[in-house]
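Data block for query-v1.pdb (PDB, C-alpha atoms):
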MODEL        1
ATOM      1  CA  MET A  17     -49.378   5.206  13.476
ATOM      2  CA  LYS A  18     -49.833   8.698  12.170
ATOM      3  CA  ILE A  19     -49.913   9.776   8.549
ATOM      4  CA  THR A  20     -49.757  13.479   7.713
ATOM      5  CA  ILE A  21     -50.263  14.881   4.248
ATOM      6  CA  ILE A  22     -48.968  18.412   3.820
ATOM      7  CA  CYS A  23     -50.282  19.943   0.628
ATOM      8  CA  VAL A  24     -50.327  23.268  -1.119
ATOM      9  CA  GLY A  25     -53.790  24.639  -1.812
ATOM     10  CA  LYS A  26     -57.314  23.636  -0.976
ATOM     11  CA  VAL A  27     -59.504  21.027  -2.604
ATOM     12  CA  LYS A  28     -62.087  23.122  -4.415
ATOM     13  CA  GLU A  29     -64.213  20.704  -6.426
ATOM     14  CA  ALA A  30     -66.881  18.757  -4.530
ATOM     15  CA  PHE A  31     -66.051  15.447  -6.239
ATOM     16  CA  TYR A  32     -62.436  15.639  -5.034
ATOM     17  CA  ARG A  33     -63.589  16.632  -1.520
ATOM     18  CA  ASN A  34     -65.948  13.646  -1.486
ATOM     19  CA  ALA A  35     -63.163  11.275  -2.529
ATOM     20  CA  VAL A  36     -60.791  12.690   0.103
ATOM     21  CA  SER A  37     -63.506  12.342   2.731
ATOM     22  CA  GLU A  38     -64.151   8.723   1.751
ATOM     23  CA  TYR A  39     -60.478   7.788   2.092
ATOM     24  CA  GLU A  40     -60.199   9.679   5.387
ATOM     25  CA  LYS A  41     -63.060   7.528   6.673
ATOM     26  CA  ARG A  42     -61.529   4.289   5.363
ATOM     27  CA  LEU A  43     -58.085   5.084   6.743
ATOM     28  CA  GLY A  44     -59.528   5.788  10.195
ATOM     29  CA  ARG A  45     -59.339   2.096  11.059
ATOM     30  CA  TYR A  46     -55.624   1.881  10.214
ATOM     31  CA  CYS A  47     -54.013   5.149  11.287
ATOM     32  CA  ARG A  48     -54.463   8.669  12.537
ATOM     33  CA  LEU A  49     -54.658  10.792   9.410
ATOM     34  CA  GLU A  50     -54.003  14.508   9.322
ATOM     35  CA  ILE A  51     -54.230  16.684   6.231
ATOM     36  CA  ILE A  52     -52.560  20.075   6.445
ATOM     37  CA  GLU A  53     -53.325  22.568   3.698
ATOM     38  CA  VAL A  54     -50.989  25.507   3.240
ATOM     39  CA  ALA A  55     -51.914  28.502   1.132
ATOM     40  CA  ASP A  56     -50.874  28.513  -2.489
ATOM     41  CA  GLU A  57     -49.512  31.526  -4.324
ATOM     42  CA  LYS A  58     -51.217  32.880  -7.396
ATOM     43  CA  THR A  59     -49.049  32.402 -10.464
ATOM     44  CA  PRO A  60     -49.503  34.902 -13.284
ATOM     45  CA  ASP A  61     -49.784  33.356 -16.767
ATOM     46  CA  GLU A  62     -46.618  35.067 -17.978
ATOM     47  CA  ALA A  63     -44.541  34.424 -14.849
ATOM     48  CA  GLY A  64     -40.832  34.168 -15.532
ATOM     49  CA  SER A  65     -38.512  31.656 -13.904
ATOM     50  CA  ALA A  66     -37.409  34.125 -11.201
ATOM     51  CA  LEU A  67     -41.010  34.780 -10.139
ATOM     52  CA  GLU A  68     -41.794  31.048 -10.223
ATOM     53  CA  GLU A  69     -38.810  30.420  -7.943
ATOM     54  CA  GLN A  70     -40.066  33.114  -5.526
ATOM     55  CA  ILE A  71     -43.497  31.453  -5.490
ATOM     56  CA  ARG A  72     -42.009  28.020  -4.762
ATOM     57  CA  GLU A  73     -39.921  29.601  -1.994
ATOM     58  CA  LYS A  74     -42.976  31.195  -0.329
ATOM     59  CA  GLU A  75     -44.898  27.931  -0.484
ATOM     60  CA  ALA A  76     -41.848  26.079   0.868
ATOM     61  CA  ALA A  77     -41.701  28.322   3.932
ATOM     62  CA  ARG A  78     -45.295  27.380   4.707
ATOM     63  CA  ILE A  79     -44.629  23.661   4.178
ATOM     64  CA  LEU A  80     -41.405  23.532   6.202
ATOM     65  CA  LYS A  81     -43.197  24.867   9.302
ATOM     66  CA  HIS A  82     -45.169  21.602   9.456
ATOM     67  CA  ILE A  83     -42.392  19.061   8.953
ATOM     68  CA  LYS A  84     -41.773  17.196  12.201
ATOM     69  CA  GLU A  85     -38.291  16.088  13.234
ATOM     70  CA  ASP A  86     -39.506  12.654  14.306
ATOM     71  CA  ALA A  87     -41.355  11.969  11.033
ATOM     72  CA  TYR A  88     -40.188  10.099   7.966
ATOM     73  CA  VAL A  89     -40.831  12.525   5.100
ATOM     74  CA  PHE A  90     -41.745  11.713   1.497
ATOM     75  CA  THR A  91     -42.069  14.338  -1.216
ATOM     76  CA  LEU A  92     -44.137  13.624  -4.303
ATOM     77  CA  GLU A  93     -42.150  14.557  -7.390
ATOM     78  CA  ILE A  94     -42.492  13.592 -11.035
ATOM     79  CA  GLN A  95     -38.824  12.646 -11.518
ATOM     80  CA  ALA A  96     -38.578  10.366  -8.464
ATOM     81  CA  LYS A  97     -38.664   6.567  -8.333
ATOM     82  CA  GLN A  98     -41.995   4.961  -9.151
ATOM     83  CA  PRO A  99     -42.731   2.049  -6.848
ATOM     84  CA  ASP A 100     -45.542  -0.370  -7.553
ATOM     85  CA  SER A 101     -48.270  -0.707  -4.928
ATOM     86  CA  LEU A 102     -46.798  -3.832  -3.366
ATOM     87  CA  SER A 103     -43.306  -2.378  -2.912
ATOM     88  CA  PHE A 104     -44.796   0.864  -1.566
ATOM     89  CA  ALA A 105     -46.789  -1.157   0.982
ATOM     90  CA  ARG A 106     -43.709  -3.150   1.970
ATOM     91  CA  GLN A 107     -41.729   0.054   2.463
ATOM     92  CA  MET A 108     -44.499   1.514   4.625
ATOM     93  CA  GLU A 109     -44.516  -1.692   6.663
ATOM     94  CA  GLN A 110     -40.718  -1.567   7.093
ATOM     95  CA  LEU A 111     -40.927   2.035   8.264
ATOM     96  CA  PHE A 112     -43.521   1.115  10.886
ATOM     97  CA  LEU A 113     -41.589  -1.965  12.016
ATOM     98  CA  SER A 114     -38.375   0.034  12.375
ATOM     99  CA  GLY A 115     -40.039   2.474  14.761
ATOM    100  CA  ASN A 116     -41.252   5.238  12.464
ATOM    101  CA  SER A 117     -44.659   5.978  13.943
ATOM    102  CA  HIS A 118     -45.164   9.174  11.934
ATOM    103  CA  ILE A 119     -44.940   9.447   8.148
ATOM    104  CA  GLN A 120     -45.427  12.718   6.317
ATOM    105  CA  PHE A 121     -46.151  13.141   2.609
ATOM    106  CA  ILE A 122     -45.716  16.478   0.845
ATOM    107  CA  ILE A 123     -47.615  17.496  -2.280
ATOM    108  CA  GLY A 124     -46.469  20.740  -3.876
ATOM    109  CA  GLY A 125     -48.439  23.322  -5.781
ATOM    110  CA  SER A 126     -48.760  23.837  -9.504
ATOM    111  CA  LEU A 127     -45.074  24.794  -9.860
ATOM    112  CA  GLY A 128     -43.763  21.858  -7.851
ATOM    113  CA  LEU A 129     -41.602  21.938  -4.754
ATOM    114  CA  HIS A 130     -38.759  24.245  -3.820
ATOM    115  CA  SER A 131     -35.364  22.572  -3.361
ATOM    116  CA  SER A 132     -35.461  23.338   0.381
ATOM    117  CA  VAL A 133     -38.483  21.046   0.762
ATOM    118  CA  THR A 134     -36.882  18.294  -1.300
ATOM    119  CA  ALA A 135     -33.748  18.593   0.849
ATOM    120  CA  ALA A 136     -35.819  18.173   4.037
ATOM    121  CA  ALA A 137     -37.282  14.864   2.821
ATOM    122  CA  HIS A 138     -35.940  11.390   3.415
ATOM    123  CA  GLN A 139     -37.240  10.181   0.083
ATOM    124  CA  SER A 140     -39.087  11.294  -3.046
ATOM    125  CA  LEU A 141     -41.853   9.301  -4.705
ATOM    126  CA  SER A 142     -43.516   9.488  -8.089
ATOM    127  CA  PHE A 143     -46.788   7.866  -9.039
ATOM    128  CA  SER A 144     -46.385   8.710 -12.727
ATOM    129  CA  ARG A 145     -44.306  10.724 -15.164
ATOM    130  CA  MET A 146     -47.556  12.452 -16.086
ATOM    131  CA  THR A 147     -48.607  15.698 -14.442
ATOM    132  CA  PHE A 148     -51.770  15.605 -12.331
ATOM    133  CA  PRO A 149     -53.669  18.438 -10.650
ATOM    134  CA  HIS A 150     -52.518  18.570  -7.026
ATOM    135  CA  GLN A 151     -56.129  18.049  -5.896
ATOM    136  CA  LEU A 152     -56.298  14.755  -7.802
ATOM    137  CA  MET A 153     -52.853  13.783  -6.554
ATOM    138  CA  ARG A 154     -54.153  14.021  -3.007
ATOM    139  CA  VAL A 155     -56.862  11.475  -3.838
ATOM    140  CA  ILE A 156     -54.365   9.177  -5.585
ATOM    141  CA  LEU A 157     -51.995   9.352  -2.616
ATOM    142  CA  LEU A 158     -54.771   8.598  -0.128
ATOM    143  CA  GLU A 159     -55.886   5.632  -2.220
ATOM    144  CA  GLN A 160     -52.340   4.231  -2.315
ATOM    145  CA  ILE A 161     -51.903   4.680   1.436
ATOM    146  CA  TYR A 162     -55.212   2.883   1.987
ATOM    147  CA  ARG A 163     -54.179   0.130  -0.428
ATOM    148  CA  SER A 164     -50.866  -0.200   1.449
ATOM    149  CA  PHE A 165     -52.605  -0.789   4.756
ATOM    150  CA  ARG A 166     -54.863  -3.399   3.121
ATOM    151  CA  ILE A 167     -51.801  -5.178   1.712
ATOM    152  CA  ILE A 168     -49.913  -4.981   5.029
ATOM    153  CA  LYS A 169     -52.896  -6.445   6.899
ATOM    154  CA  GLY A 170     -53.359  -9.213   4.303
ATOM    155  CA  GLU A 171     -56.803  -7.908   3.398
ATOM    156  CA  PRO A 172     -58.190  -8.171  -0.132
ATOM    157  CA  TYR A 173     -57.562  -5.316  -2.545
ATOM    158  CA  HIS A 174     -58.091  -4.784  -6.252
ATOM    159  CA  LYS A 175     -55.126  -5.733  -8.417
TER     160      LYS A 175
ENDMDL
END
Could you write out this file's structure as structure tokens?
Amino acid sequence: MKITIICVGKVKEAFYRNAVSEYEKRLGRYCRLEIIEVADEKTPDEAGSALEEQIREKEAARILKHIKEDAYVFTLEIQAKQPDSLSFARQMEQLFLSGNSHIQFIIGGSLGLHSSVTAAAHQSLSFSRMTFPHQLMRVILLEQIYRSFRIIKGEPYHK
């Protein structure tokens, strides 16, 4: 099984890098994990909607280069369905059992995802209606993927 996380921007703060590293280590016993970082665009404080759309489009071009045809693709979006951990784990398990050996997750930048990226996905997920920094979202996603594998394997996890 391969899990790829495609994300806009780098993890800058050491505490986020440490958390990502810890989950990479933990997930090593369950899957092959790949994290692909694409460059983010600087957004001026007074950017209008047209400029924001151009920024999303540039970031989308970088993301779309990494989407694999044989992968099942999730985008992380605020307005999507919010599964609980158990249903997320069951969906991951169903994907693996039905022959999907590669799952990709996409985390956008500060302006979100361009519609072309959303259109390329099989499904969108939301972990909350709240907005999180994309660096923190990477940690949250990794934790939920790890939790899913623990659930699938029948191993203990915190409820």
Given 5 Å of margin on each side, can you work out the centre and size in Å (one decimal) of an axis-aligned box holding every listed atom of region 119-134 of chain A, as JSON?
{"center_x": -42.1, "center_y": 17.1, "center_z": -0.9, "size_x": 23.4, "size_y": 25.3, "size_z": 28.0}
**Message:** What's the separation between CA of Glu68 (chain A) and CA of Ser140 (chain A), in Å to one decimal place?
**Reply:** 21.2 Å
**Prompt:** So which residues touch region 161-165 of chain A within 10 Å, counting only C-alpha atoms, skipping near sequence neighbours fewer than 5 positions away, as a PyMOL selection string?
**Reply:** chain A and resi 19+39-40+42-47+101-109+155-156+170-175
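Near (-44.8, 13.3, 7.0), the residues that fall inside 10 Å on the basis of only C-alpha atoms are Lys18, Ile19, Thr20, Ile21, Ile22, Glu50, His82, Ile83, Lys84, Glu85, Asp86, Ala87, Tyr88, Val89, Phe90, Thr91, His118, Ile119, Gln120, Phe121, Ile122, Ala137 and His138 of chain A.
When the PyMOL selection byres ((chain A and resi 54) around 9) is run on the displayed coordinates, the residues it returns are Ile22, Cys23, Val24, Gly25, Lys26, Ile52, Glu53, Ala55, Asp56, Glu75, Arg78 and Ile79 of chain A.
Of the residues listed (A:Phe148, A:Arg72, A:Met17, A:Lys169), A:Met17 shows the shortest atom-to-atom separation from Ser117 (chain A); distances use all atoms listed in the file.
Interatomic distance, CA of Phe143 (chain A) against CA of Ala76 (chain A): 21.3 Å.
Proximity of A:Leu141, A:Leu158, A:Ala135, A:Ala77 to Asp100 (chain A), computed with only C-alpha atoms, is greatest for A:Leu141.
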**Distance of CA of Thr134 (chain A) from CA of Glu38 (chain A), expressed in Å to one decimal place** = 29.1 Å
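Closest to Glu57 (chain A) among A:Val133, A:Ser126, A:Ala35, A:Ala96 is A:Ser126, based on all atoms listed in the file.
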**Message:** List as a list in words the protein and nucleic acid residues near Gly128 (chain A), meaning an atom at most 9 Å away when all atoms listed in the file are counted, but skip any in the same chain fewer than 5 places from it.
**Reply:** Arg72, Leu92, Glu93, Ile94 and Ile123 of chain A
Could the residues in this selection be written to a file with C-alpha atoms, as a PDB file, in the coordinates of the input?
ATOM      1  CA  ARG A  72     -42.009  28.020  -4.762  1.00  0.00           C
ATOM      2  CA  LEU A  92     -44.137  13.624  -4.303  1.00  0.00           C
ATOM      3  CA  GLU A  93     -42.150  14.557  -7.390  1.00  0.00           C
ATOM      4  CA  ILE A  94     -42.492  13.592 -11.035  1.00  0.00           C
ATOM      5  CA  ILE A 123     -47.615  17.496  -2.280  1.00  0.00           C
TER       6      ILE A 123
END
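The residue that comes closest to Glu159 (chain A), out of A:Val27, A:Ser37, A:Arg48, A:Ala63 and on the basis of all atoms listed in the file, is A:Ser37.
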